[in-house]
>>> print(open('structure_8.txt').read())   # compact mmCIF, C-alpha atoms
# COMPACT_ATOMS: atom_id res chain seq x y z
CA MET O 1151 -14.78 -7.60 -23.58
CA THR O 1152 -16.49 -5.25 -21.16
CA LYS O 1153 -17.84 -1.79 -21.80
CA VAL O 1154 -16.46 0.85 -19.44
CA THR O 1155 -17.74 4.37 -19.04
CA MET O 1156 -15.88 7.03 -17.11
CA THR O 1157 -15.08 10.73 -17.12
CA VAL O 1158 -11.54 11.60 -18.22
CA ASN O 1159 -10.43 15.21 -17.81
CA GLY O 1160 -14.07 16.29 -17.70
CA LYS O 1161 -15.18 14.41 -20.81
CA ALA O 1162 -17.37 11.32 -20.72
CA VAL O 1163 -15.76 8.37 -22.51
CA SER O 1164 -17.06 4.89 -23.19
CA LYS O 1165 -15.04 2.04 -24.71
CA GLU O 1166 -14.94 -1.73 -24.97
CA VAL O 1167 -11.97 -3.13 -23.03
CA SER O 1168 -10.56 -6.54 -22.22
CA GLY O 1169 -10.51 -7.66 -18.60
CA ASN O 1170 -6.73 -7.34 -18.50
CA THR O 1171 -6.59 -3.84 -20.03
CA LEU O 1172 -4.59 -1.63 -17.67
CA MET O 1173 -5.48 2.03 -17.12
CA THR O 1174 -2.16 2.97 -18.72
CA GLU O 1175 -3.14 1.07 -21.87
CA PHE O 1176 -6.65 2.47 -21.83
CA LEU O 1177 -5.45 6.06 -21.56
CA ARG O 1178 -2.54 5.81 -23.98
CA ASP O 1179 -3.85 3.38 -26.61
CA ALA O 1180 -7.63 3.82 -26.57
CA LEU O 1181 -7.82 7.53 -25.71
CA HIS O 1182 -4.40 8.55 -27.13
CA LEU O 1183 -3.59 10.44 -23.94
CA THR O 1184 0.11 9.68 -23.96
CA GLY O 1185 1.08 12.08 -21.20
CA THR O 1186 0.64 9.26 -18.69
CA HIS O 1187 4.02 7.55 -19.01
CA VAL O 1188 4.94 3.92 -18.51
CA GLY O 1189 8.34 3.67 -16.88
CA CYS O 1190 8.70 0.47 -14.90
CA ASP O 1191 5.23 -1.04 -15.35
CA THR O 1192 5.71 -2.57 -11.89
CA SER O 1193 4.18 0.19 -9.76
CA GLN O 1194 7.49 1.48 -8.49
CA CYS O 1195 8.47 4.50 -10.60
CA GLY O 1196 5.32 6.63 -10.48
CA ALA O 1197 5.55 8.01 -14.05
CA CYS O 1198 1.96 6.80 -14.59
CA VAL O 1199 0.32 8.47 -11.58
CA ILE O 1200 -3.18 9.76 -12.33
CA HIS O 1201 -6.10 10.83 -10.15
CA VAL O 1202 -9.09 8.51 -9.83
CA ASP O 1203 -12.03 9.92 -7.89
CA GLY O 1204 -9.69 12.48 -6.39
CA LYS O 1205 -7.01 10.04 -5.27
CA SER O 1206 -3.56 9.46 -6.76
CA VAL O 1207 -3.10 5.96 -8.15
CA LYS O 1208 -0.55 4.21 -10.34
CA ALA O 1209 -2.34 3.64 -13.63
CA CYS O 1210 -0.10 0.67 -14.47
CA THR O 1211 -1.49 -1.18 -11.46
CA MET O 1212 -5.21 -0.70 -11.96
CA PHE O 1213 -7.48 -2.23 -14.57
CA ALA O 1214 -9.60 0.00 -16.79
CA ALA O 1215 -12.65 -2.01 -15.75
CA GLU O 1216 -12.02 -0.97 -12.15
CA ALA O 1217 -12.46 2.68 -13.15
CA GLU O 1218 -16.06 2.17 -14.26
CA GLY O 1219 -18.01 5.28 -13.32
CA ALA O 1220 -14.91 7.07 -12.01
CA GLU O 1221 -13.74 10.65 -12.43
CA VAL O 1222 -10.25 10.41 -13.89
CA VAL O 1223 -7.74 13.24 -14.28
CA THR O 1224 -4.49 12.84 -16.20
CA ILE O 1225 -1.61 15.24 -16.83
CA GLU O 1226 -3.51 16.45 -19.91
CA GLY O 1227 -6.19 17.75 -17.55
CA MET O 1228 -3.87 19.73 -15.31
CA ALA O 1229 -3.42 22.94 -17.30
CA ASN O 1230 -5.73 25.90 -16.68
CA PRO O 1231 -8.91 26.09 -18.81
CA ASP O 1232 -7.31 28.75 -21.03
CA GLY O 1233 -4.42 26.41 -21.79
CA SER O 1234 -1.87 28.19 -19.63
CA LEU O 1235 0.19 26.11 -17.22
CA SER O 1236 -1.14 25.43 -13.74
CA VAL O 1237 0.75 26.82 -10.77
CA ILE O 1238 2.56 23.53 -10.22
CA GLN O 1239 3.44 23.09 -13.88
CA GLN O 1240 4.69 26.68 -14.09
CA ALA O 1241 6.82 26.15 -10.99
CA PHE O 1242 8.42 23.06 -12.57
CA GLN O 1243 9.29 25.22 -15.59
CA ASP O 1244 10.50 28.18 -13.55
CA HIS O 1245 12.72 26.12 -11.27
CA HIS O 1246 13.87 23.60 -13.85
CA GLY O 1247 12.12 20.78 -12.01
CA LEU O 1248 12.87 18.31 -14.79
CA GLN O 1249 15.78 17.05 -16.78
CA CYS O 1250 14.68 14.52 -19.39
CA GLY O 1251 11.04 15.05 -18.38
CA PHE O 1252 9.95 11.42 -18.44
CA CYS O 1253 8.94 11.31 -14.77
CA THR O 1254 7.40 14.79 -14.84
CA PRO O 1255 3.74 13.85 -15.45
CA GLY O 1256 3.74 11.59 -12.40
CA MET O 1257 5.66 14.13 -10.34
CA VAL O 1258 3.10 16.84 -11.15
CA MET O 1259 0.13 14.56 -10.41
CA THR O 1260 1.62 13.46 -7.08
CA ALA O 1261 2.62 17.02 -6.17
CA ALA O 1262 -0.94 18.21 -6.83
CA LYS O 1263 -2.30 15.73 -4.26
CA LEU O 1264 0.42 16.58 -1.76
CA LEU O 1265 -0.45 20.28 -1.90
CA GLU O 1266 -4.15 19.52 -1.53
CA GLU O 1267 -3.45 17.54 1.64
CA ASN O 1268 -0.64 19.72 2.95
CA PRO O 1269 -0.64 23.26 1.47
CA SER O 1270 2.73 24.23 2.95
CA PRO O 1271 4.92 21.13 3.13
CA SER O 1272 8.47 21.06 4.43
CA GLU O 1273 11.29 19.77 2.27
CA HIS O 1274 11.26 16.54 4.28
CA GLU O 1275 7.51 16.11 3.80
CA ILE O 1276 7.85 16.63 0.06
CA ARG O 1277 10.64 14.06 -0.23
CA ASP O 1278 8.64 11.60 1.87
CA TYR O 1279 5.50 12.05 -0.25
CA LEU O 1280 7.50 11.52 -3.44
CA GLU O 1281 8.65 8.09 -2.23
CA GLY O 1282 6.76 6.39 -5.05
CA ASN O 1283 8.00 8.71 -7.81
CA ILE O 1284 11.43 8.01 -9.19
CA CYS O 1285 13.46 10.49 -11.29
CA ARG O 1286 16.14 8.48 -13.01
CA CYS O 1287 18.03 11.67 -13.88
CA THR O 1288 18.18 12.16 -10.08
CA GLY O 1289 16.79 15.66 -10.51
CA TYR O 1290 15.09 15.64 -7.13
CA HIS O 1291 16.60 18.85 -5.83
CA ASN O 1292 14.82 21.10 -8.31
CA ILE O 1293 11.65 18.98 -8.21
CA VAL O 1294 11.43 19.57 -4.46
CA LYS O 1295 12.26 23.23 -4.99
CA ALA O 1296 9.54 23.59 -7.63
CA ILE O 1297 6.93 22.01 -5.36
CA MET O 1298 7.93 24.28 -2.48
CA ALA O 1299 7.68 27.28 -4.80
CA ALA O 1300 4.27 26.12 -6.06
CA SER O 1301 3.09 26.07 -2.45
CA GLY O 1302 3.99 29.76 -2.17
CA GLN O 1303 7.04 29.25 0.02
CA ASP O 1304 10.22 31.26 -0.44
CA VAL O 1305 12.82 29.12 -2.17
CA SER O 1306 15.41 31.85 -2.78
CA GLY O 1307 17.56 30.41 0.02
CA ILE O 1308 17.67 26.95 -1.52
CA ALA O 1309 20.89 26.82 -3.46
CA ALA O 1310 21.24 24.78 -6.60
CA GLU O 1311 23.48 21.83 -5.97
CA MET L 1203 -0.89 -11.16 -18.77
CA TYR L 1204 -3.11 -14.05 -19.69
CA SER L 1205 -6.61 -13.00 -20.63
CA PHE L 1206 -9.49 -13.00 -18.14
CA GLU L 1207 -12.80 -11.33 -17.48
CA ILE L 1208 -13.41 -8.86 -14.64
CA GLU L 1209 -16.58 -8.72 -12.61
CA SER L 1210 -17.31 -5.93 -10.15
CA PRO L 1211 -20.07 -6.99 -7.75
CA VAL L 1212 -21.41 -4.42 -5.29
CA SER L 1213 -22.30 -6.79 -2.44
CA VAL L 1214 -20.46 -9.55 -0.57
CA ALA L 1215 -23.20 -12.00 -1.52
CA ASP L 1216 -22.74 -11.29 -5.23
CA ALA L 1217 -18.96 -11.51 -4.88
CA VAL L 1218 -19.20 -14.90 -3.19
CA ALA L 1219 -21.47 -16.10 -6.00
CA ALA L 1220 -19.03 -14.83 -8.63
CA LEU L 1221 -16.11 -16.52 -6.86
CA GLY L 1222 -17.95 -19.81 -7.21
CA LYS L 1223 -17.21 -19.79 -10.92
CA GLU L 1224 -14.50 -21.96 -12.44
CA GLU L 1225 -10.98 -20.47 -11.99
CA ALA L 1226 -12.29 -17.33 -10.30
CA GLN L 1227 -10.03 -15.24 -8.08
CA ALA L 1228 -10.69 -12.24 -5.85
CA LEU L 1229 -9.03 -8.89 -6.66
CA GLY L 1230 -8.59 -6.50 -3.73
CA GLY L 1231 -6.60 -3.35 -4.44
CA GLY L 1232 -4.41 -5.27 -6.88
CA GLN L 1233 -1.10 -3.85 -5.66
CA THR L 1234 0.33 -7.35 -5.36
CA LEU L 1235 -1.98 -9.36 -7.59
CA ILE L 1236 -1.66 -7.17 -10.70
CA PRO L 1237 2.17 -7.40 -10.73
CA SER L 1238 1.76 -11.17 -10.19
CA LEU L 1239 -0.62 -11.37 -13.16
CA LYS L 1240 1.85 -9.42 -15.31
CA ALA L 1241 4.51 -11.98 -14.40
CA ARG L 1242 2.07 -14.73 -15.37
CA LEU L 1243 2.26 -16.18 -11.88
CA ALA L 1244 -1.54 -16.50 -11.83
CA ALA L 1245 -3.99 -17.41 -14.57
CA PRO L 1246 -7.56 -16.79 -13.41
CA ALA L 1247 -10.45 -17.05 -15.84
CA VAL L 1248 -12.44 -14.48 -13.88
CA LEU L 1249 -11.20 -11.75 -11.56
CA VAL L 1250 -13.78 -10.66 -9.03
CA SER L 1251 -12.99 -7.07 -8.06
CA LEU L 1252 -14.02 -6.28 -4.49
CA SER L 1253 -13.42 -2.53 -4.79
CA LYS L 1254 -17.05 -1.58 -5.45
CA ILE L 1255 -18.38 -3.30 -2.30
CA ASP L 1256 -19.11 -0.42 0.06
CA GLU L 1257 -20.31 -2.69 2.89
CA ILE L 1258 -16.73 -3.87 3.56
CA LYS L 1259 -15.04 -0.44 3.67
CA GLY L 1260 -16.17 0.91 7.05
CA ILE L 1261 -13.88 1.73 9.98
CA SER L 1262 -15.34 2.13 13.48
CA ALA L 1263 -14.34 1.78 17.12
CA ALA L 1264 -16.61 0.59 19.92
CA ASP L 1265 -16.14 -1.17 23.28
CA GLY L 1266 -12.36 -1.23 22.99
CA VAL L 1267 -12.35 -2.85 19.56
CA LEU L 1268 -11.42 -1.23 16.25
CA SER L 1269 -13.27 -2.83 13.34
CA ILE L 1270 -11.92 -2.32 9.84
CA GLY L 1271 -13.69 -3.50 6.70
CA GLY L 1272 -11.62 -5.84 4.55
CA GLY L 1273 -11.95 -3.44 1.62
CA ALA L 1274 -10.60 -0.43 3.52
CA THR L 1275 -7.52 1.01 1.84
CA HIS L 1276 -4.27 1.66 3.68
CA ALA L 1277 -4.94 5.39 3.20
CA SER L 1278 -8.36 5.03 4.86
CA VAL L 1279 -6.88 3.15 7.81
CA ALA L 1280 -4.13 5.76 8.15
CA ALA L 1281 -6.75 8.52 8.21
CA GLU L 1282 -9.55 6.88 10.20
CA ALA L 1283 -7.98 4.43 12.66
CA GLY L 1284 -7.19 7.13 15.21
CA ALA L 1285 -8.55 4.91 18.00
CA TYR L 1286 -5.49 2.67 17.51
CA PRO L 1287 -2.63 5.09 16.70
CA ALA L 1288 0.07 2.41 16.20
CA LEU L 1289 -2.10 0.71 13.59
CA ALA L 1290 -2.86 4.00 11.82
CA ALA L 1291 0.87 4.77 11.76
CA LEU L 1292 1.63 1.34 10.31
CA ALA L 1293 -0.89 1.88 7.51
CA ALA L 1294 0.55 5.35 6.80
CA ASN L 1295 3.95 3.80 6.08
CA ILE L 1296 3.01 0.99 3.71
CA GLY L 1297 4.29 1.51 0.17
CA ASP L 1298 3.81 5.05 -1.14
CA PRO L 1299 0.79 7.39 -1.29
CA ALA L 1300 -0.55 6.01 -4.59
CA VAL L 1301 -0.19 2.39 -3.45
CA ARG L 1302 -1.94 3.23 -0.17
CA ASN L 1303 -4.91 4.59 -2.14
CA ARG L 1304 -5.48 1.17 -3.76
CA GLY L 1305 -4.11 -1.54 -1.47
CA THR L 1306 -6.48 -2.95 1.15
CA ILE L 1307 -6.12 -4.57 4.55
CA GLY L 1308 -8.15 -7.58 3.44
CA GLY L 1309 -5.94 -8.04 0.40
CA SER L 1310 -2.79 -7.82 2.47
CA LEU L 1311 -4.02 -10.36 5.02
CA ALA L 1312 -5.30 -12.74 2.34
CA ASN L 1313 -1.95 -12.59 0.53
CA ASN L 1314 0.15 -12.95 3.72
CA ASP L 1315 3.38 -11.80 2.13
CA PRO L 1316 6.21 -12.79 4.51
CA ALA L 1317 7.37 -9.15 4.59
CA ALA L 1318 3.96 -7.42 4.78
CA CYS L 1319 3.20 -5.10 7.69
CA TYR L 1320 -0.45 -5.89 8.47
CA PRO L 1321 0.08 -9.54 9.46
CA ALA L 1322 2.33 -8.35 12.31
CA ALA L 1323 -0.37 -5.97 13.54
CA ALA L 1324 -3.10 -8.61 13.36
CA LEU L 1325 -1.05 -11.25 15.16
CA ALA L 1326 0.33 -8.90 17.83
CA SER L 1327 -3.18 -7.56 18.50
CA GLY L 1328 -4.82 -10.96 18.71
CA ALA L 1329 -7.17 -9.68 16.00
CA THR L 1330 -10.14 -11.59 14.66
CA ILE L 1331 -10.32 -12.05 10.89
CA VAL L 1332 -13.96 -12.08 9.86
CA THR L 1333 -14.95 -13.65 6.56
CA ASN L 1334 -18.23 -14.18 4.76
CA THR L 1335 -18.58 -17.52 6.56
CA ARG L 1336 -16.77 -17.39 9.94
CA GLU L 1337 -14.50 -15.67 12.43
CA ILE L 1338 -10.85 -16.76 12.60
CA ALA L 1339 -8.47 -15.87 15.45
CA ALA L 1340 -5.20 -14.40 14.16
CA ASP L 1341 -3.33 -17.18 16.00
CA ASP L 1342 -5.11 -19.72 13.77
CA TYR L 1343 -5.12 -17.64 10.58
CA PHE L 1344 -1.49 -17.34 9.47
CA GLU L 1345 -0.25 -20.71 8.25
CA GLY L 1346 3.07 -19.80 6.64
CA MET L 1347 4.48 -17.81 3.76
CA PHE L 1348 1.62 -16.75 1.43
CA THR L 1349 -0.63 -19.28 3.20
CA THR L 1350 -3.65 -18.62 5.40
CA ALA L 1351 -6.65 -20.46 6.81
CA LEU L 1352 -8.85 -18.93 4.09
CA GLU L 1353 -10.71 -21.42 1.90
CA ASP L 1354 -11.19 -20.92 -1.83
CA GLY L 1355 -13.75 -18.21 -2.45
CA GLU L 1356 -13.66 -16.94 1.15
CA ILE L 1357 -13.50 -13.14 1.50
CA VAL L 1358 -12.05 -11.15 4.40
CA THR L 1359 -14.97 -8.85 5.22
CA GLU L 1360 -13.71 -7.33 8.46
CA VAL L 1361 -10.76 -7.35 10.85
CA ARG L 1362 -11.41 -6.67 14.55
CA PHE L 1363 -8.48 -5.33 16.57
CA PRO L 1364 -8.72 -5.22 20.38
CA ILE L 1365 -7.22 -1.81 21.20
CA PRO L 1366 -4.14 -2.19 23.43
CA GLU L 1367 -2.96 0.02 26.29
CA LYS L 1368 0.29 0.69 24.46
CA ALA L 1369 1.64 -0.40 21.11
CA ALA L 1370 4.16 0.42 18.41
CA TYR L 1371 5.35 -0.98 15.11
CA VAL L 1372 8.92 -0.47 13.97
CA LYS L 1373 10.32 -1.76 10.70
CA PHE L 1374 13.79 -1.81 9.21
CA GLU L 1375 13.15 -0.98 5.59
CA GLN L 1376 14.81 -2.81 2.76
CA PRO L 1377 16.39 0.25 1.15
CA ALA L 1378 15.23 -0.42 -2.42
CA SER L 1379 11.70 -1.79 -2.05
CA ARG L 1380 10.97 -0.23 1.37
CA PHE L 1381 9.29 -3.50 2.34
CA ALA L 1382 10.05 -4.57 5.89
CA LEU L 1383 13.41 -6.32 6.01
CA VAL L 1384 12.27 -6.99 9.56
CA GLY L 1385 9.24 -5.44 11.25
CA VAL L 1386 8.11 -5.90 14.84
CA PHE L 1387 4.73 -5.01 16.31
CA VAL L 1388 4.53 -4.87 20.11
CA ALA L 1389 1.17 -4.53 21.87
CA LYS L 1390 0.57 -4.35 25.63
CA TYR L 1391 -2.79 -5.56 26.90
CA PRO L 1392 -4.03 -5.89 30.50
CA ASP L 1393 -3.42 -9.64 30.36
CA GLY L 1394 0.03 -9.50 28.79
CA VAL L 1395 2.25 -8.33 25.95
CA ARG L 1396 2.22 -9.75 22.44
CA VAL L 1397 5.13 -9.45 20.00
CA ALA L 1398 4.74 -10.32 16.32
CA VAL L 1399 7.56 -10.34 13.78
CA THR L 1400 7.28 -9.95 10.01
CA GLY L 1401 9.93 -10.05 7.28
CA ALA L 1402 12.21 -12.42 9.16
CA SER L 1403 11.05 -16.03 9.21
CA GLU L 1404 10.78 -18.51 6.38
CA GLU L 1405 7.43 -19.42 7.94
CA GLY L 1406 6.07 -15.87 7.62
CA VAL L 1407 4.79 -13.78 10.51
CA PHE L 1408 5.36 -15.30 13.99
CA ARG L 1409 5.11 -14.47 17.70
CA TRP L 1410 8.32 -14.14 19.69
CA GLU L 1411 7.09 -15.80 22.84
CA GLU L 1412 10.26 -15.43 24.95
CA ALA L 1413 10.08 -11.67 24.42
CA GLU L 1414 6.38 -11.66 25.26
CA ALA L 1415 7.03 -13.41 28.57
CA ALA L 1416 9.84 -11.02 29.48
CA LEU L 1417 7.86 -7.91 28.52
CA SER L 1418 4.69 -9.04 30.27
CA GLY L 1419 6.63 -8.87 33.56
CA ASN L 1420 8.49 -5.67 32.77
CA PHE L 1421 7.43 -3.57 29.76
CA SER L 1422 10.78 -1.95 29.04
CA ALA L 1423 13.52 -2.55 26.50
CA SER L 1424 15.87 -3.67 29.29
CA ALA L 1425 13.60 -6.65 29.94
CA LEU L 1426 14.91 -8.04 26.65
CA ASP L 1427 18.56 -7.99 27.75
CA GLY L 1428 20.17 -11.30 26.90
CA LEU L 1429 17.30 -12.47 24.68
CA SER L 1430 17.98 -13.32 21.05
CA LEU L 1431 16.63 -15.51 18.30
CA PRO L 1432 18.60 -18.18 16.45
CA ALA L 1433 19.42 -17.61 12.77
CA GLU L 1434 17.97 -21.00 11.92
CA GLY L 1435 14.69 -20.64 10.01
CA MET L 1436 15.26 -16.98 9.14
CA MET L 1437 15.09 -15.86 5.53
CA GLY L 1438 18.34 -15.05 3.79
CA ASP L 1439 18.81 -13.09 0.58
CA LEU L 1440 21.19 -10.54 -0.89
CA HIS L 1441 19.71 -7.85 1.35
CA ALA L 1442 20.17 -9.67 4.65
CA ALA L 1443 21.59 -13.00 5.79
CA PRO L 1444 19.64 -15.11 8.33
CA ASP L 1445 21.86 -14.16 11.28
CA TYR L 1446 21.48 -10.46 10.43
CA ARG L 1447 17.69 -10.79 10.29
CA ALA L 1448 17.70 -12.59 13.64
CA HIS L 1449 19.78 -9.75 15.09
CA LEU L 1450 17.41 -7.14 13.63
CA VAL L 1451 14.43 -8.78 15.33
CA GLY L 1452 16.00 -8.01 18.69
CA VAL L 1453 16.88 -4.46 17.72
CA MET L 1454 13.44 -3.71 16.24
CA THR L 1455 11.69 -5.22 19.26
CA ARG L 1456 13.65 -3.01 21.65
CA ARG L 1457 12.91 0.05 19.53
CA ALA L 1458 9.21 -0.83 19.37
CA VAL L 1459 8.99 -1.21 23.15
CA THR L 1460 10.71 2.14 23.61
CA ALA L 1461 8.44 3.78 21.03
CA ALA L 1462 5.36 2.38 22.75
CA GLN L 1463 6.14 4.04 26.11
>>> encode(input="structure_8.txt", output="structure tokens")
Amino acid sequence: MTKVTMTVNGKAVSKEVSGNTLMTEFLRDALHLTGTHVGCDTSQCGACVIHVDGKSVKACTMFAAEAEGAEVVTIEGMANPDGSLSVIQQAFQDHHGLQCGFCTPGMVMTAAKLLEENPSPSEHEIRDYLEGNICRCTGYHNIVKAIMAASGQDVSGIAAE
Amino acid sequence: MYSFEIESPVSVADAVAALGKEEAQALGGGQTLIPSLKARLAAPAVLVSLSKIDEIKGISAADGVLSIGGGATHASVAAEAGAYPALAALAANIGDPAVRNRGTIGGSLANNDPAACYPAAALASGATIVTNTREIAADDYFEGMFTTALEDGEIVTEVRFPIPEKAAYVKFEQPASRFALVGVFVAKYPDGVRVAVTGASEEGVFRWEEAEAALSGNFSASALDGLSLPAEGMMGDLHAAPDYRAHLVGVMTRRAVTAAQ
């Protein structure tokens, strides 16, 4: 067992973990932050995307011990301080950017990084950036629309399909 | 996964010492190794994480050579390898954004997946793979599928790429995994053209020497007219039969030459 200390959503946490404890297991089982979903567990679906030191990573393909000293943000840390939804989260709600909702945490975490890097992305750029996030309901159209809306772009011309 | 301990040294010297332990294995970004551990394809007693070693993360260009630390992530190379645009573009198209934030060039080259992108860049560039003990020419480094000249406990600390006059990498993506079904890196240097192919051969990355000779005399796609590779020795799976892969090598090479103009 190894002791790891990190900051998760602004709070310092310290726990004993095994060498093979994944970040998904650490967040969900040790910290009870179950918003980070485990879909494929093979780093393909993106439901487990979190931010580690400001970068998006797939929590199923990183060990908790590797996050020693890191600043970690999960979907539970994305709402505004007063508890209201962030701009991206609100846009997902407004534009029905989810169907079953399982992929949504990863979609929101990836979208947040996209908009940091590229504040006004085109539809093509959004679809390209979401390459590692799979929506098994195939609800991509409204996910893309929600992200475009969250970036402040006019989406009134994008018809529902 | 089997159980193991993780150590996170902060210097190459400490990492080498840790790798001297019984059943120790290096962990780069983990984007291949962690899935392999989940499948119980590896059973190390100790994993030595290299991700806290800042001395092997630098990227710099000087005297016509781009030097990339073995611990540099694909995202770092995409952002900071502007001195070698074809290489930066290659890095920007590996996996997806989250994978690129973890995976490293040293890890990719040490693993030598037969469909990985970086081996094609290293071989086509005549790169030098620098380890904690020696310098290895790319021509001597790749020894076949998942096999390299690295000894046990040897760490890729830096990769030095001579910057070419012109270069491009073009891959035909396997539609599900987006790995290279076939990828071709073409690089034109003052003393000739080098062409390296990934994703195709059962022996892993290789140089297509007939194409190199033709392109060294005339660096245009038409110089490849009439050239083709035999299907023998090419990988075959449900995504692509050997003869299709051989055909794709020709197509990707022509596209890469055109893109490099």
>>> closest_residue(input="structure_8.txt", among="L:Glu1404, L:Val1451, L:Pro1364, L:Val1386", to="Gly1266 (chain L)", atoms="all atoms listed in the file")
L:Pro1364
>>> closest_atom_pairs(input="structure_8.txt", of="region 1273-1313 of chain L", to="region 1225-1241 of chain L", cutoff="8 Å", atoms="all atoms listed in the file", output="Markdown table")
| residue | atom | partner | partner_atom | distance |
| --- | --- | --- | --- | --- |
| L:Gly1273 | CA | L:Gly1230 | CA | 7.0 |
| L:Thr1275 | CA | L:Gly1231 | CA | 7.7 |
| L:Val1301 | CA | L:Gln1233 | CA | 6.7 |
| L:Arg1304 | CA | L:Gly1231 | CA | 4.7 |
| L:Gly1305 | CA | L:Gly1231 | CA | 4.3 |
| L:Thr1306 | CA | L:Gly1231 | CA | 5.6 |
| L:Gly1308 | CA | L:Gly1230 | CA | 7.3 |
| L:Gly1309 | CA | L:Gly1230 | CA | 5.1 |
>>> atom_distance(input="structure_8.txt", atom1="CA of Lys1368 (chain L)", atom2="CA of Gly1401 (chain L)")
22.4 Å
>>> interface_residues(input="structure_8.txt", of="chain L", to="chain O", cutoff="8 Å", atoms="all atoms listed in the file", output="list of chain:residue names")
L:Met1203, L:Tyr1204, L:Ser1205, L:Phe1206, L:Glu1207, L:Ile1208, L:Ser1210, L:Gly1232, L:Gln1233, L:Ile1236, L:Pro1237, L:Ser1251, L:Ser1253, L:Gly1297, L:Asp1298, L:Pro1299, L:Ala1300, L:Val1301, L:Asn1303, L:Arg1304
>>> axis_aligned_box(input="structure_8.txt", around="region 1400-1413 of chain L", padding_each_side="8 Å", output="AutoDock Vina command-line options")
--center_x 8.5 --center_y -14.7 --center_z 15.7 --size_x 23.4 --size_y 25.5 --size_z 34.6
>>> atom_distance(input="structure_8.txt", atom1="CA of Ile1238 (chain O)", atom2="CA of Pro1377 (chain L)")
29.4 Å
>>> atom_distance(input="structure_8.txt", atom1="CA of Gly1260 (chain L)", atom2="CA of Ala1274 (chain L)")
6.7 Å
>>> residues_around(input="structure_8.txt", residues="Glu1434 (chain L)", least_positions_apart="4", cutoff="12 Å", atoms="all atoms listed in the file", output="mmCIF file with C-alpha atoms, keeping the file's coordinate frame")
data_model
loop_
_atom_site.group_PDB
_atom_site.id
_atom_site.type_symbol
_atom_site.label_atom_id
_atom_site.label_comp_id
_atom_site.auth_asym_id
_atom_site.auth_seq_id
_atom_site.Cartn_x
_atom_site.Cartn_y
_atom_site.Cartn_z
ATOM 1 C CA ALA L 1402 12.210 -12.420 9.160
ATOM 2 C CA SER L 1403 11.050 -16.030 9.210
ATOM 3 C CA GLU L 1404 10.780 -18.510 6.380
ATOM 4 C CA GLU L 1405 7.430 -19.420 7.940
ATOM 5 C CA SER L 1430 17.980 -13.320 21.050
ATOM 6 C CA GLY L 1438 18.340 -15.050 3.790
ATOM 7 C CA ALA L 1443 21.590 -13.000 5.790
ATOM 8 C CA PRO L 1444 19.640 -15.110 8.330
ATOM 9 C CA ASP L 1445 21.860 -14.160 11.280
ATOM 10 C CA TYR L 1446 21.480 -10.460 10.430
ATOM 11 C CA ARG L 1447 17.690 -10.790 10.290
ATOM 12 C CA ALA L 1448 17.700 -12.590 13.640
ATOM 13 C CA HIS L 1449 19.780 -9.750 15.090
#
>>> closest_residue(input="structure_8.txt", among="O:Ser1272, O:Ala1229, O:Cys1198, O:Ser1306", to="Met1257 (chain O)", atoms="all atoms listed in the file")
O:Cys1198
>>> closest_residue(input="structure_8.txt", among="L:Arg1380, L:Tyr1286, L:Gly1271, L:Ala1312", to="Glu1367 (chain L)", atoms="only C-alpha atoms")
L:Tyr1286
>>> closest_residue(input="structure_8.txt", among="O:Leu1181, O:Val1158, O:Val1258, O:Met1173", to="Gly1227 (chain O)", atoms="all atoms listed in the file")
O:Val1158
>>> residues_around(input="structure_8.txt", residues="region 1327-1341 of chain L", least_positions_apart="2", cutoff="10 Å", atoms="all atoms listed in the file", output="ChimeraX atom specification")
/L:1214-1215,1218,1267-1272,1289,1308,1311-1312,1321-1325,1343-1345,1350-1353,1355-1366,1369,1387-1391,1395-1398,1408-1409
>>> residues_around(input="structure_8.txt", residues="Ala1442 (chain L)", least_positions_apart="6", cutoff="10 Å", atoms="only C-alpha atoms", output="list in words")
Gln1376, Leu1383, Val1384, Ala1402, Met1436, Ala1448 and Leu1450 of chain L
>>> closest_residue(input="structure_8.txt", among="O:Ala1296, O:Ala1220, O:Met1259, O:Cys1195", to="Phe1242 (chain O)", atoms="all atoms listed in the file")
O:Ala1296
>>> residues_around(input="structure_8.txt", residues="region 1153-1156 of chain O", least_positions_apart="2", cutoff="6 Å", atoms="all atoms listed in the file", output="ChimeraX atom specification")
/O:1162-1166,1218-1220
>>> build_atoms(input="structure_8.txt", residues="region 1354-1359 of chain L", atoms="N, CA and C atoms", output="PDB file, in the frame of the given file")
ATOM      1  N   ASP L1354     -10.921 -21.488  -0.514  1.00  0.00           N
ATOM      2  CA  ASP L1354     -11.190 -20.920  -1.830  1.00  0.00           C
ATOM      3  C   ASP L1354     -12.519 -20.158  -1.800  1.00  0.00           C
ATOM      4  N   GLY L1355     -12.513 -18.964  -2.356  1.00  0.00           N
ATOM      5  CA  GLY L1355     -13.750 -18.210  -2.450  1.00  0.00           C
ATOM      6  C   GLY L1355     -14.159 -17.485  -1.172  1.00  0.00           C
ATOM      7  N   GLU L1356     -13.339 -17.612  -0.120  1.00  0.00           N
ATOM      8  CA  GLU L1356     -13.660 -16.940   1.150  1.00  0.00           C
ATOM      9  C   GLU L1356     -13.096 -15.519   1.120  1.00  0.00           C
ATOM     10  N   ILE L1357     -13.883 -14.561   1.564  1.00  0.00           N
ATOM     11  CA  ILE L1357     -13.500 -13.140   1.500  1.00  0.00           C
ATOM     12  C   ILE L1357     -13.326 -12.584   2.909  1.00  0.00           C
ATOM     13  N   VAL L1358     -12.238 -11.849   3.123  1.00  0.00           N
ATOM     14  CA  VAL L1358     -12.050 -11.150   4.400  1.00  0.00           C
ATOM     15  C   VAL L1358     -12.971  -9.922   4.383  1.00  0.00           C
ATOM     16  N   THR L1359     -14.004  -9.954   5.214  1.00  0.00           N
ATOM     17  CA  THR L1359     -14.970  -8.850   5.220  1.00  0.00           C
ATOM     18  C   THR L1359     -14.661  -7.812   6.290  1.00  0.00           C
TER      19      THR L1359
END
